[in-house]
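**Q** Below you will find the structure I want to go over with you.
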Amino acid sequence: MANEPVSVVFKVYCLSVMTMVAATYTVVLRYTRTISSTAMYFSTTAVCVTEVIKLFLSLGMLTKEAGSFGRLKASIVEHVFQCPKELLKLSVPSVVYAIQNNMAFIALSNLDAAVYQVTYQLKIPCTALCMVLMLNRSLSRLQWLSVCMLCGGVALVQWKPAEATKVQVEQNPFWGFMAIAIAVFCSGFAGVYFEKVLKSSDTSLWVRNIQMYLSGIVVTLAVVYMTEGTQVIQKGFFYGYTPWVCFAVFLASVGGLYTSVVVKYTDNIMKGFSAAAAIVLSTVASVALFGLQITVNFASGAMLVCISIYLYGLPKQDTTKLPRADKDAKQKLITV
């Protein structure tokens, strides 16, 4: 899908918002899991509430797209109530995203926000691998090189994770890394699977989102009552919720939907800068709020990750538009 022509100011605005949402969500979620002095909330309920909010936001966008309540009703009846197979198809990414979102809470309970933000960029090679296997796409040599650089940068960061002096709760960096590993695999697989479903028909993006979030609500509710059901019944679904927890849930809800706007109006290079900026902002916030101690390993690894993100987003060279002289030289080499 070609990007619609928009001003540079609008592109910068989109990327600025996405960067702030990504960085702020990570820092706020880390705060609610480690620093907040109130009773600990149930992370599974937060994931479920996020899915409910996303459903209502998607309904609002579909209403705007439909133009009238009658068309909205007809679209929902046609694609939701009369298409159980489609709901079943979208239940696959729903389950995977539910696992991913729950893993994020485990990861940020055991790793600093900046370490999480850097390590989470492993979603790029995971997504690339899924694209090659599921969509038969190819990567350029530069992209494969950037993937190797990214993995090397993450390895440096995780070799001896930076410590946060202001966090008093017990943490297990190994479990944090394992949670991120599961999350990035889920992110890559679910994203590519959803893209494949989108491109298999002309059904609206917002209809597909509604189908997925309906399944997601059922899945996350099941997770709530299978893992923390007894405590939720005793203490209440919203036990431990504070304004900061609500803010984290809100950021998680709008972040995913806002990404679709960014994908539509910007390119990979600008998204790469956004990811790098989110890493820098998370690091600064972690130093100020959690007493993160920057190590040589962390600084070197973070820099490698930022560079690799930029290189991965560079456009592939179009060999069909090589200068005539280069083509003649290639032809001579072939005929020799």
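Chain labels A, B, ... are given in the sequence in which chains occur in the structure tokens; within each chain residues are numbered consecutively from 1, and ligands are likewise numbered from 1 in the order shown.
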Counting only C-alpha atoms, what is within 9 Å of Phe247 in chain A, bar same-chain residues fewer than 6 positions away, as a PDB file with N, CA, C and O atoms, in the first residue's frame?
**A**
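As written to disk, selection_29.pdb reads:
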```
ATOM      1  N   TYR A  25       5.110   3.962  28.117  1.00  0.00           N
ATOM      2  CA  TYR A  25       4.452   2.716  28.523  1.00  0.00           C
ATOM      3  C   TYR A  25       5.427   1.805  29.264  1.00  0.00           C
ATOM      4  O   TYR A  25       5.107   1.255  30.331  1.00  0.00           O
ATOM      5  N   VAL A  28       6.305   3.437  32.750  1.00  0.00           N
ATOM      6  CA  VAL A  28       5.162   3.431  33.671  1.00  0.00           C
ATOM      7  C   VAL A  28       4.852   2.020  34.142  1.00  0.00           C
ATOM      8  O   VAL A  28       4.581   1.784  35.327  1.00  0.00           O
ATOM      9  N   LEU A  29       4.882   1.061  33.217  1.00  0.00           N
ATOM     10  CA  LEU A  29       4.606  -0.323  33.597  1.00  0.00           C
ATOM     11  C   LEU A  29       5.666  -0.838  34.569  1.00  0.00           C
ATOM     12  O   LEU A  29       5.344  -1.514  35.557  1.00  0.00           O
TER      13      LEU A  29
END
```
**Q** Give me the residues within 12 Å of Pro243 in chain A as a ChimeraX atom specification, counting only C-alpha atoms and dropping any in the same chain fewer than 2 places off.
**A** /A:28-29,32,36,38,41,238,240-241,245-250
**Q** Just checking: using only C-alpha atoms, which residue out of A:Ser91, A:Thr26, A:Ser282, A:Thr19 ends up closest to Gln211 in chain A?
**A**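 So, comparing all the options, the nearest one is A:Ser91.
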**Q** So which one's closest to Met20 in chain A, A:Ser253, A:Thr230, A:Gln82, A:Ser274? Using only C-alpha atoms, please.
**A**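 Of A:Ser253, A:Thr230, A:Gln82, A:Ser274, the one nearest Met20 in chain A, counting only C-alpha atoms, is A:Ser274.
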**Q** In terms of the shortest atom-to-atom distance over only C-alpha atoms, which of A:Met103, A:Val49, A:Met134, A:Leu111 is closest to Gln158 in chain A?
**A**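 Smallest separation from Gln158 in chain A among the options: A:Leu111.
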**Q** CA of Ile35 in chain A to CA of Gln117 in chain A: how many Å, to one decimal?
**A** 18.2 Å
**Q** Mind pulling up the distance from CA of Asn102 in chain A to CA of Lys85 in chain A?
**A**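 Computing it gives 26.3 Å between the two atoms.
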**Q** Quick one: residues within 9 Å of Val280 in chain A, only C-alpha atoms, excluding same-chain residues fewer than 3 positions away - as number ranges by chain?
**A** A: 23, 114, 275-277, 283-285, 302
**Q** Show me, as a PyMOL selection string, the residues that have an atom within 10 Å of Ser109 in chain A when counting only C-alpha atoms, minus same-chain residues fewer than 2 positions from it.
**A** chain A and resi 29-34+103-107+111-113+169-173+175-176
**Q** Output N, CA and C atoms for every residue in that selection, as a tab-separated table (two decimals), in the first residue's frame.
**A**
```
chain	number	residue	atom	x	y	z
A	29	LEU	N	4.88	1.06	33.22
A	29	LEU	CA	4.61	-0.32	33.60
A	29	LEU	C	5.67	-0.84	34.57
A	30	ARG	N	6.92	-0.49	34.32
A	30	ARG	CA	8.00	-0.87	35.23
A	30	ARG	C	7.77	-0.26	36.62
A	31	TYR	N	7.32	0.98	36.65
A	31	TYR	CA	7.06	1.68	37.92
A	31	TYR	C	5.96	0.97	38.70
A	32	THR	N	4.88	0.60	38.02
A	32	THR	CA	3.75	-0.03	38.71
A	32	THR	C	4.11	-1.43	39.24
A	33	ARG	N	5.13	-2.07	38.64
A	33	ARG	CA	5.50	-3.42	39.07
A	33	ARG	C	6.61	-3.44	40.12
A	34	THR	N	7.32	-2.32	40.31
A	34	THR	CA	8.48	-2.37	41.20
A	34	THR	C	8.55	-1.25	42.24
A	103	MET	N	3.59	-11.76	29.05
A	103	MET	CA	5.04	-11.88	29.19
A	103	MET	C	5.69	-10.52	29.44
A	104	ALA	N	5.11	-9.47	28.87
A	104	ALA	CA	5.66	-8.12	29.07
A	104	ALA	C	5.63	-7.74	30.55
A	105	PHE	N	4.57	-8.12	31.26
A	105	PHE	CA	4.48	-7.82	32.68
A	105	PHE	C	5.54	-8.59	33.47
A	106	ILE	N	5.75	-9.86	33.10
A	106	ILE	CA	6.77	-10.66	33.78
A	106	ILE	C	8.16	-10.08	33.52
A	107	ALA	N	8.41	-9.69	32.26
A	107	ALA	CA	9.72	-9.14	31.90
A	107	ALA	C	10.02	-7.85	32.65
A	111	LEU	N	13.27	-6.94	34.81
A	111	LEU	CA	14.30	-6.21	34.07
A	111	LEU	C	14.00	-4.72	34.08
A	112	ASP	N	15.06	-3.92	34.04
A	112	ASP	CA	14.86	-2.48	33.96
A	112	ASP	C	14.22	-2.09	32.64
A	113	ALA	N	13.52	-0.96	32.65
A	113	ALA	CA	12.79	-0.51	31.45
A	113	ALA	C	13.73	-0.33	30.26
A	169	VAL	N	12.32	-4.56	45.12
A	169	VAL	CA	11.68	-5.88	45.00
A	169	VAL	C	12.68	-6.89	44.44
A	170	GLU	N	12.46	-8.15	44.76
A	170	GLU	CA	13.33	-9.21	44.27
A	170	GLU	C	13.12	-9.41	42.77
A	171	GLN	N	14.23	-9.52	42.02
A	171	GLN	CA	14.15	-9.67	40.57
A	171	GLN	C	14.98	-10.85	40.11
A	172	ASN	N	14.58	-11.41	38.99
A	172	ASN	CA	15.32	-12.52	38.39
A	172	ASN	C	15.56	-12.20	36.92
A	173	PRO	N	16.75	-11.66	36.59
A	173	PRO	CA	17.02	-11.26	35.19
A	173	PRO	C	16.86	-12.39	34.20
A	175	TRP	N	14.67	-14.92	34.27
A	175	TRP	CA	13.25	-15.07	33.95
A	175	TRP	C	12.75	-13.88	33.13
A	176	GLY	N	13.31	-12.71	33.40
A	176	GLY	CA	12.95	-11.54	32.61
A	176	GLY	C	13.34	-11.71	31.15
```
**Q** Compile a residue-level contact table for range 191-281 of chain A against range 70-74 of chain A at a cut-off of 12 Å, reporting for every qualifying residue the shortest atom pair and its distance in Å to one decimal, with only C-alpha atoms counted, rows ordered by chain and ascending number, as CSV.
**A**
```
residue,atom,partner,partner_atom,distance
A:Ser204,CA,A:Leu72,CA,11.7
A:Trp206,CA,A:Leu72,CA,11.1
A:Val207,CA,A:Leu72,CA,10.0
```
**Q** Convert the current residue selection to file output with N, CA and C atoms, as an mmCIF file, in the first residue's frame.
**A**
```
data_model
loop_
_atom_site.group_PDB
_atom_site.id
_atom_site.type_symbol
_atom_site.label_atom_id
_atom_site.label_comp_id
_atom_site.auth_asym_id
_atom_site.auth_seq_id
_atom_site.Cartn_x
_atom_site.Cartn_y
_atom_site.Cartn_z
ATOM 1 N N SER A 204 -12.138 -4.856 5.932
ATOM 2 C CA SER A 204 -11.560 -3.679 6.570
ATOM 3 C C SER A 204 -10.629 -4.054 7.720
ATOM 4 N N TRP A 206 -10.338 -2.485 10.475
ATOM 5 C CA TRP A 206 -11.030 -2.327 11.753
ATOM 6 C C TRP A 206 -11.973 -3.493 12.018
ATOM 7 N N VAL A 207 -12.532 -4.074 10.966
ATOM 8 C CA VAL A 207 -13.344 -5.286 11.140
ATOM 9 C C VAL A 207 -12.462 -6.421 11.632
#
```
**Q** May I have the residues within 9 Å of Tyr213 in chain A as a ChimeraX atom specification, using only C-alpha atoms and disregarding those fewer than 4 positions away in the same chain?
**A** /A:51-52,54-55,58,90-91,94,208-209,217-218
**Q** Please write the residues from the selection above to a file, keeping N, CA and C atoms, as a tab-separated table (two decimals), in the first residue's frame.
**A**
```tsv
chain	number	residue	atom	x	y	z
A	51	GLU	N	-7.66	-5.25	26.09
A	51	GLU	CA	-8.37	-5.80	24.94
A	51	GLU	C	-9.76	-5.17	24.80
A	52	VAL	N	-10.43	-4.94	25.93
A	52	VAL	CA	-11.77	-4.33	25.89
A	52	VAL	C	-11.70	-2.91	25.34
A	54	LYS	N	-9.36	-1.66	23.39
A	54	LYS	CA	-9.03	-1.74	21.96
A	54	LYS	C	-10.28	-2.06	21.13
A	55	LEU	N	-11.15	-2.91	21.66
A	55	LEU	CA	-12.38	-3.26	20.95
A	55	LEU	C	-13.24	-2.02	20.74
A	58	SER	N	-11.69	0.36	18.22
A	58	SER	CA	-11.87	-0.15	16.85
A	58	SER	C	-13.30	0.04	16.38
A	90	LEU	N	-9.06	-15.64	13.50
A	90	LEU	CA	-8.42	-14.53	14.22
A	90	LEU	C	-8.16	-14.86	15.68
A	91	SER	N	-8.68	-15.99	16.15
A	91	SER	CA	-8.40	-16.39	17.53
A	91	SER	C	-6.93	-16.82	17.69
A	94	SER	N	-4.98	-13.83	18.56
A	94	SER	CA	-5.49	-13.40	19.86
A	94	SER	C	-4.80	-14.14	20.99
A	208	ARG	N	-11.29	-6.57	11.03
A	208	ARG	CA	-10.36	-7.61	11.46
A	208	ARG	C	-9.93	-7.39	12.91
A	209	ASN	N	-9.70	-6.13	13.27
A	209	ASN	CA	-9.34	-5.82	14.65
A	209	ASN	C	-10.45	-6.22	15.62
A	217	ILE	N	-10.63	-10.95	24.14
A	217	ILE	CA	-11.31	-10.77	25.42
A	217	ILE	C	-11.65	-12.12	26.04
A	218	VAL	N	-12.15	-13.03	25.22
A	218	VAL	CA	-12.49	-14.38	25.72
A	218	VAL	C	-11.22	-15.08	26.23
```
**Q** Any idea what the distance is between CA of Leu87 in chain A and CA of Gly216 in chain A?
**A**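 Between CA of Leu87 in chain A and CA of Gly216 in chain A the gap works out to 10.3 Å.
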**Q** Ranking A:Gln100, A:Ser75, A:Thr50, A:Asn297 by minimum distance to Cys186 in chain A and counting only C-alpha atoms, which one comes first?
**A**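 Using only C-alpha atoms, the shortest distance to Cys186 in chain A belongs to A:Gln100.
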**Q** Taking into account only C-alpha atoms, which residue in the set A:Leu214, A:Leu251, A:Val167, A:Cys148 is nearest to Ile307 in chain A?
**A**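 Closest to Ile307 in chain A, using only C-alpha atoms: A:Cys148.
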**Q** A:Val219, A:Asn136, A:Leu150, A:Pro125: which is nearest Val95 in chain A, counting only C-alpha atoms?
**A**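 That would be A:Val219, the residue with the smallest distance to Val95 in chain A.
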